[in-house]
Amino acid sequence: MRLKSSGKTLYFDCALNAIVKGDEEVGVSALARDVTEEHQKERRFTELFETLQEGVYFSTPEGKLLDGNVALVYVLGYESKEELLALDSRALNADPNQSPVLGRSADDQGGVRTREITLRRKDGSLGVFS
């Protein structure tokens with residue numbers, strides 16, 4: 001919603017419910033929650049994620065890539081993010097018989113961690129990343 005007085009844009013999460021009397025809809029009730037701050041935080045995070053010079057990714061615990069930034073696409077030699085995200089979860093492994101290198105081991109609780117991994121680029125060469 002853009003405010004007429006200031007031109008400021010606000011974002012709302014809205015739910016509309018019909019008010020029914022008998023078999024007839026006689027009105028509507030609306031519930032709106034201001035999510036402007038959350039929207040702005042998400043936009044800033046997206047800008048940061050996409051402009052980092054380091055390759056950054058999100059994956060499922062099983063290793064399926066959910067998202068990756070431009071730097072990751074570039075360093076792995078892919079043409080687009082969509083091409084990279086469409087890969088099988090083991091396609092980036094140096095050894096395709098291993099568990100997906102981008103996933104978690106059974107004892108990993110998902111905390112912040114730094115580790116060195118070897119990934120297979122699109123051209124088949126291997127890269128070591130930390």
# chains A, B, ... in the order shown; residues from 1 in each chain; ligands from 1

$ residues_around --residues "Gly27 in chain A" --least-positions-apart "2" --cutoff "9 Å" --atoms "only C-alpha atoms" --output "VMD selection string"
chain A and resid 17 to 20 25 29

$ write_last_selection --atoms "all heavy atoms" --output "short mmCIF file (atom, residue, chain, number, x, y, z; two decimals), in the first residue's frame"
data_model
loop_
_atom_site.label_atom_id
_atom_site.label_comp_id
_atom_site.auth_asym_id
_atom_site.auth_seq_id
_atom_site.Cartn_x
_atom_site.Cartn_y
_atom_site.Cartn_z
N ASN A 17 -12.20 -12.73 5.03
CA ASN A 17 -13.19 -13.77 5.32
C ASN A 17 -14.57 -13.23 5.02
O ASN A 17 -14.91 -12.09 5.39
CB ASN A 17 -13.12 -14.19 6.79
CG ASN A 17 -11.82 -14.87 7.11
OD1 ASN A 17 -11.51 -15.90 6.54
ND2 ASN A 17 -11.05 -14.30 8.01
N ALA A 18 -15.37 -14.06 4.37
CA ALA A 18 -16.75 -13.67 4.06
C ALA A 18 -17.58 -13.70 5.34
O ALA A 18 -17.40 -14.57 6.19
CB ALA A 18 -17.34 -14.61 3.03
N ILE A 19 -18.47 -12.74 5.46
CA ILE A 19 -19.45 -12.74 6.55
C ILE A 19 -20.75 -13.25 5.94
O ILE A 19 -21.28 -12.67 4.98
CB ILE A 19 -19.63 -11.33 7.14
CG1 ILE A 19 -18.30 -10.84 7.72
CG2 ILE A 19 -20.74 -11.34 8.20
CD1 ILE A 19 -18.32 -9.39 8.17
N VAL A 20 -21.21 -14.37 6.46
CA VAL A 20 -22.38 -15.04 5.89
C VAL A 20 -23.53 -15.00 6.90
O VAL A 20 -23.35 -15.30 8.08
CB VAL A 20 -22.05 -16.51 5.52
CG1 VAL A 20 -23.26 -17.23 4.97
CG2 VAL A 20 -20.88 -16.56 4.55
N GLU A 25 -23.97 -13.95 1.52
CA GLU A 25 -22.79 -13.20 1.95
C GLU A 25 -23.21 -11.76 2.14
O GLU A 25 -23.70 -11.11 1.22
CB GLU A 25 -21.68 -13.30 0.90
CG GLU A 25 -21.08 -14.68 0.77
CD GLU A 25 -20.00 -14.77 -0.28
OE1 GLU A 25 -19.46 -13.72 -0.69
OE2 GLU A 25 -19.70 -15.88 -0.71
N SER A 29 -14.84 -9.52 6.34
CA SER A 29 -13.97 -9.03 7.42
C SER A 29 -12.53 -9.17 6.93
O SER A 29 -12.19 -10.11 6.22
CB SER A 29 -14.19 -9.82 8.71
OG SER A 29 -13.72 -11.14 8.58
#

$ residues_around --residues "range 85-99 of chain A" --least-positions-apart "6" --cutoff "6 Å" --atoms "only C-alpha atoms" --output "list in words"
Gly63, Lys64, Leu65, Leu119 and Arg120 of chain A

$ select_by_dssp --residues "chain A" --states "alpha helix (DSSP H)" --output "list of chain:residue names"
A:Thr36, A:Glu37, A:Glu38, A:His39, A:Gln40, A:Lys41, A:Glu42, A:Arg43, A:Arg44, A:Phe45, A:Thr46, A:Glu47, A:Leu48, A:Phe49, A:Glu50, A:Thr51, A:Val70, A:Ala71, A:Leu72, A:Val73, A:Tyr74, A:Val75, A:Lys81, A:Glu82, A:Glu83, A:Leu84, A:Leu85

$ closest_residue --among "A:Thr118, A:Ser125, A:Ser80, A:Thr9" --to "Gln40 in chain A" --atoms "only C-alpha atoms"
A:Thr9

$ closest_residue --among "A:Ser6, A:Leu31, A:Leu66, A:Leu72" --to "Gln53 in chain A" --atoms "only C-alpha atoms"
A:Leu72

$ select_by_dssp --residues "chain A" --states "strand (DSSP E)" --output "PyMOL selection string"
chain A and resi 12-21+24-34+57-59+65-68+117-120+126-129

$ residues_around --residues "His39 in chain A" --least-positions-apart "5" --cutoff "10 Å" --atoms "only C-alpha atoms" --output "list in words"
Leu10, Tyr11, Phe12, Asp34, Arg44 and Phe45 of chain A

$ residues_around --residues "Asp67 in chain A" --least-positions-apart "3" --cutoff "10 Å" --atoms "only C-alpha atoms" --output "ChimeraX atom specification"
/A:56-60,64,72,81-82,84-85

$ write_last_selection --atoms "C-alpha atoms" --output "PDB file, in the first residue's frame"
ATOM      1  CA  VAL A  56      26.992 -19.035  -0.857  1.00  0.00           C
ATOM      2  CA  TYR A  57      24.255 -21.655  -0.978  1.00  0.00           C
ATOM      3  CA  PHE A  58      21.280 -23.085   0.854  1.00  0.00           C
ATOM      4  CA  SER A  59      20.612 -26.816   0.693  1.00  0.00           C
ATOM      5  CA  THR A  60      18.398 -29.424   2.247  1.00  0.00           C
ATOM      6  CA  LYS A  64      19.684 -30.775  -2.699  1.00  0.00           C
ATOM      7  CA  LEU A  72      28.721 -19.811  -6.685  1.00  0.00           C
ATOM      8  CA  LYS A  81      21.461 -20.388 -11.220  1.00  0.00           C
ATOM      9  CA  GLU A  82      18.619 -22.473 -12.666  1.00  0.00           C
ATOM     10  CA  LEU A  84      22.989 -25.288 -11.061  1.00  0.00           C
ATOM     11  CA  LEU A  85      19.837 -25.788  -8.980  1.00  0.00           C
TER      12      LEU A  85
END

$ closest_residue --among "A:Gly77, A:Gly103, A:Gly7, A:Gly22" --to "Arg121 in chain A" --atoms "only C-alpha atoms"
A:Gly77

$ closest_residue --among "A:Asp13, A:Glu24, A:Asp123, A:Glu54" --to "Glu79 in chain A" --atoms "only C-alpha atoms"
A:Asp123

$ closest_residue --among "A:Leu102, A:Leu16, A:Val70, A:Val128" --to "Glu47 in chain A" --atoms "only C-alpha atoms"
A:Val70
